[in-house]
Amino acid sequence: MEKIRLGRTNLMVSRSGFGALPIQRVSLDEARLILRKAYENGFNFFDTARGYTDSEDKIGYALSDVRKDIYIATKTPANDRVSVLRDIETSLEKMKTDYVDILQLHNPKQLPDPNDPESAYSGLVEARKKGLARFIGITSHKLSLALEAVKSGLYDTVQFPLSSLSSEEELKLIDECKSADIGLIAMKALSGGLITNAATAFAFFRQFDNVVPIWGIQRERELDEFIALEKNPPVLDDHMLEIIEKDRRELAGSFCRGCGYCLPCPADIPIPMAARMFLLLRRSPSEGFLTDRWKENMERIENCTNCGHCRQHCPYELDTPELLKYNLADYREYYARYAKK
Ligand code: SF4
Ligand code: SF4
């Protein structure tokens, strides 16, 4: 697989990175099969997080014997030095390794103070000094914070949601990272499942020689699609540009990206799916959502107590309870019309 230089880290990573969030949802052995197949087909960059339940265990289980041939990035949600160091020790134990290539702060509310010896940033630096992490990075869903991180010059990599649906403003991050020689990792490259044409999404990223998309992969057939695309990389053509334009028109404005930062919901509403059900019903096969189980999931929206937790934690500043109500009303109509009786 073609490799790409990840900014000043000088790591030569596969142009397709492996996003290891979805492997939480499959068994240990299924995850092993997928991770191994990815490795055998040229993926050498795996991105996980302390917060992705057993994702790190699965990486350790599947890839520890080929550790020297791959690059691993993980993330810590910690807000202070001691917790960062505690988290990295746990991550290393889970992944059966004694270092990660990149240790990232996981979506902090603000940049930690680099001059505070007890800050999370000081924890990253100490982890690097101790050889527990080769490079340090940060992830964010907020453009202003990602740009601030680039400007600070303190981080080797920045990870941000980018896709063919990103705005012109968001895409400016690509040039900013290039000028500063900071590695740019693109999360949500399929916009949380709303971009359904993988070839177009893939070709979109091939335009940039300094962005590494990490594709969230849960099933072998999804992996196969990316392996095939890597073998014959498609080039952005007029037809694909039309698809992108159509997607942009349909998904213009505020929509839920399915990131899950609003969880947990005390009413047990599966917000990352429920808040974009309108789109999921129309942009992917809808049968799977027209079931008794999904009907019950969606009806839980009635139990929303308006506690405000989701609204406060949404990095896209969505009015999540309102969005949920809208999706419930639409779902009921759609269900009445199309669900098999
Ligand atoms: S406001 Fe409603 S949907 Fe949001 S977290 Fe609270 S109960 Fe859940
Ligand atoms: S409502 Fe906001 S925080 Fe919750 S999944 Fe959607 S985009 Fe993410």
# chains A, B, ... in the order shown; residues from 1 in each chain; ligands from 1
>>> residues_near_ligand(ligand="ligand 1", cutoff="6 Å", atoms="only C-alpha atoms and all ligand atoms", output="ChimeraX atom specification")
/A:265-267,304-310,321
>>> residues_near_ligand(ligand="ligand 2", cutoff="12 Å", atoms="only C-alpha atoms and all ligand atoms", output="JSON, numbers by chain")
{"A": [107, 141, 142, 161, 188, 191, 192, 193, 254, 255, 256, 257, 258, 259, 260, 261, 262, 263, 264, 265, 269, 270, 271, 272, 273, 274, 275, 276, 277, 308, 309, 310, 311, 312, 313, 314, 315, 316, 317, 318, 319, 320, 321, 322, 323, 324, 327]}
>>> residues_around(residues="segment 56-60 of chain A", least_positions_apart="3", cutoff="10 Å", atoms="only C-alpha atoms", output="ChimeraX atom specification")
/A:20-21,23-24,26-32,35-36,46-53,63-67,72,74,90-97
>>> write_last_selection(atoms="C-alpha atoms", output="PDB file, in the first residue's frame")
ATOM      1  CA  ALA A  20     -10.165   0.937  15.588  1.00  0.00           C
ATOM      2  CA  LEU A  21     -13.295   2.362  17.251  1.00  0.00           C
ATOM      3  CA  ILE A  23     -13.934  -3.202  16.404  1.00  0.00           C
ATOM      4  CA  GLN A  24     -15.288  -2.722  19.928  1.00  0.00           C
ATOM      5  CA  VAL A  26     -17.245  -7.430  17.311  1.00  0.00           C
ATOM      6  CA  SER A  27     -15.837 -10.471  19.095  1.00  0.00           C
ATOM      7  CA  LEU A  28     -12.150 -10.850  19.908  1.00  0.00           C
ATOM      8  CA  ASP A  29     -11.654 -13.360  17.122  1.00  0.00           C
ATOM      9  CA  GLU A  30     -13.571 -11.365  14.530  1.00  0.00           C
ATOM     10  CA  ALA A  31     -11.500  -8.319  15.448  1.00  0.00           C
ATOM     11  CA  ARG A  32      -8.323 -10.362  15.116  1.00  0.00           C
ATOM     12  CA  LEU A  35      -6.944  -6.427  12.011  1.00  0.00           C
ATOM     13  CA  ARG A  36      -4.706  -9.202  10.683  1.00  0.00           C
ATOM     14  CA  PHE A  46      -3.806   1.836  13.604  1.00  0.00           C
ATOM     15  CA  ASP A  47      -5.624   4.478  15.633  1.00  0.00           C
ATOM     16  CA  THR A  48      -7.349   3.559  18.881  1.00  0.00           C
ATOM     17  CA  ALA A  49      -8.164   5.171  22.233  1.00  0.00           C
ATOM     18  CA  ARG A  50      -8.179   4.376  25.937  1.00  0.00           C
ATOM     19  CA  GLY A  51     -11.884   5.182  25.809  1.00  0.00           C
ATOM     20  CA  TYR A  52     -12.772   2.624  23.116  1.00  0.00           C
ATOM     21  CA  THR A  53     -13.517  -0.131  25.677  1.00  0.00           C
ATOM     22  CA  LEU A  63      -0.907  -7.460  16.265  1.00  0.00           C
ATOM     23  CA  SER A  64       1.595  -7.709  19.135  1.00  0.00           C
ATOM     24  CA  ASP A  65       3.799 -10.142  17.196  1.00  0.00           C
ATOM     25  CA  VAL A  66       4.181  -7.628  14.336  1.00  0.00           C
ATOM     26  CA  ARG A  67       4.513  -4.582  16.598  1.00  0.00           C
ATOM     27  CA  ILE A  72      -0.016   2.743  16.762  1.00  0.00           C
ATOM     28  CA  THR A  74      -3.853   5.983  20.987  1.00  0.00           C
ATOM     29  CA  THR A  90      -2.705   0.931  30.893  1.00  0.00           C
ATOM     30  CA  SER A  91      -2.761   1.337  27.090  1.00  0.00           C
ATOM     31  CA  LEU A  92       0.694  -0.227  26.772  1.00  0.00           C
ATOM     32  CA  GLU A  93      -0.266  -3.163  28.940  1.00  0.00           C
ATOM     33  CA  LYS A  94      -3.457  -3.744  26.936  1.00  0.00           C
ATOM     34  CA  MET A  95      -1.637  -3.548  23.612  1.00  0.00           C
ATOM     35  CA  LYS A  96       1.265  -5.706  24.826  1.00  0.00           C
ATOM     36  CA  THR A  97       3.861  -3.162  23.833  1.00  0.00           C
TER      37      THR A  97
END
>>> residues_around(residues="Gly137 of chain A", least_positions_apart="5", cutoff="7 Å", atoms="only C-alpha atoms", output="list in words")
Ile102, Leu103, Gln104, Leu105, Tyr155, Asp156, Thr157 and Val158 of chain A
>>> atom_distance(atom1="atom CA of Leu145 of chain A", atom2="atom CA of Gln110 of chain A")
6.9 Å
>>> closest_residue(among="A:Val13, A:Ser140, A:Leu132, A:Val150", to="Arg86 of chain A", atoms="only C-alpha atoms")
A:Leu132
>>> atom_distance(atom1="atom CA of Glu176 of chain A", atom2="atom CA of Ile138 of chain A")
15.2 Å
>>> residues_around(residues="segment 116-121 of chain A", least_positions_apart="2", cutoff="6 Å", atoms="only C-alpha atoms", output="MDAnalysis selection string")
chainID A and resid 79:81 112:114 123:124
>>> closest_residue(among="A:Arg8, A:Pro22, A:Asn197, A:Ala62", to="Gly153 of chain A", atoms="only C-alpha atoms")
A:Arg8
>>> select_by_dssp(residues="segment 49-132 of chain A", states="helix (DSSP H, G or I)", output="PyMOL selection string")
chain A and resi 55-69+81-94+120-129
>>> write_last_selection(atoms="C-alpha atoms", output="compact mmCIF listing (two decimals), in the first residue's frame")
# COMPACT_ATOMS: atom_id res chain seq x y z
CA SER A 55 -10.21 -1.86 21.23
CA GLU A 56 -6.67 -1.69 22.67
CA ASP A 57 -6.92 -5.28 23.99
CA LYS A 58 -7.92 -6.41 20.51
CA ILE A 59 -5.00 -4.62 18.91
CA GLY A 60 -2.66 -6.30 21.40
CA TYR A 61 -4.26 -9.68 20.75
CA ALA A 62 -4.08 -9.37 16.97
CA LEU A 63 -0.91 -7.46 16.26
CA SER A 64 1.59 -7.71 19.14
CA ASP A 65 3.80 -10.14 17.20
CA VAL A 66 4.18 -7.63 14.34
CA ARG A 67 4.51 -4.58 16.60
CA LYS A 68 7.74 -3.40 15.01
CA ASP A 69 6.11 -3.28 11.56
CA ARG A 81 -0.19 14.85 34.14
CA VAL A 82 -0.64 11.96 36.55
CA SER A 83 -3.74 10.63 34.77
CA VAL A 84 -2.06 10.85 31.34
CA LEU A 85 0.82 8.74 32.66
CA ARG A 86 -1.55 6.27 34.31
CA ASP A 87 -3.55 5.95 31.06
CA ILE A 88 -0.54 5.36 28.83
CA GLU A 89 0.71 2.62 31.18
CA THR A 90 -2.71 0.93 30.89
CA SER A 91 -2.76 1.34 27.09
CA LEU A 92 0.69 -0.23 26.77
CA GLU A 93 -0.27 -3.16 28.94
CA LYS A 94 -3.46 -3.74 26.94
CA ALA A 120 -2.12 17.00 30.62
CA TYR A 121 0.39 18.51 28.21
CA SER A 122 3.18 18.00 30.77
CA GLY A 123 1.98 14.39 31.03
CA LEU A 124 2.41 13.92 27.27
CA VAL A 125 5.91 15.40 27.38
CA GLU A 126 6.87 13.18 30.30
CA ALA A 127 5.51 10.10 28.49
CA ARG A 128 7.65 11.04 25.49
CA LYS A 129 10.75 11.58 27.66
>>> residues_around(residues="segment 202-217 of chain A", least_positions_apart="3", cutoff="6 Å", atoms="only C-alpha atoms", output="VMD selection string")
chain A and resid 15 to 19 22 184 to 187 198 to 199 234 to 236
>>> atom_distance(atom1="atom CA of Leu280 of chain A", atom2="atom CA of Glu230 of chain A")
26.8 Å
>>> select_by_dssp(residues="segment 95-287 of chain A", states="strand (DSSP E or B)", output="count of residues only")
31
>>> closest_atom_pairs(of="segment 125-243 of chain A", to="segment 283-302 of chain A", cutoff="10 Å", atoms="only C-alpha atoms", output="CSV")
residue,atom,partner,partner_atom,distance
A:Gly193,CA,A:Ser284,CA,8.6
A:Leu194,CA,A:Arg283,CA,6.8
A:Ile195,CA,A:Arg283,CA,8.2
A:Thr196,CA,A:Arg283,CA,7.2
>>> closest_residue(among="A:Thr200, A:Tyr39, A:Ala180, A:Lys75", to="His239 of chain A", atoms="only C-alpha atoms")
A:Thr200
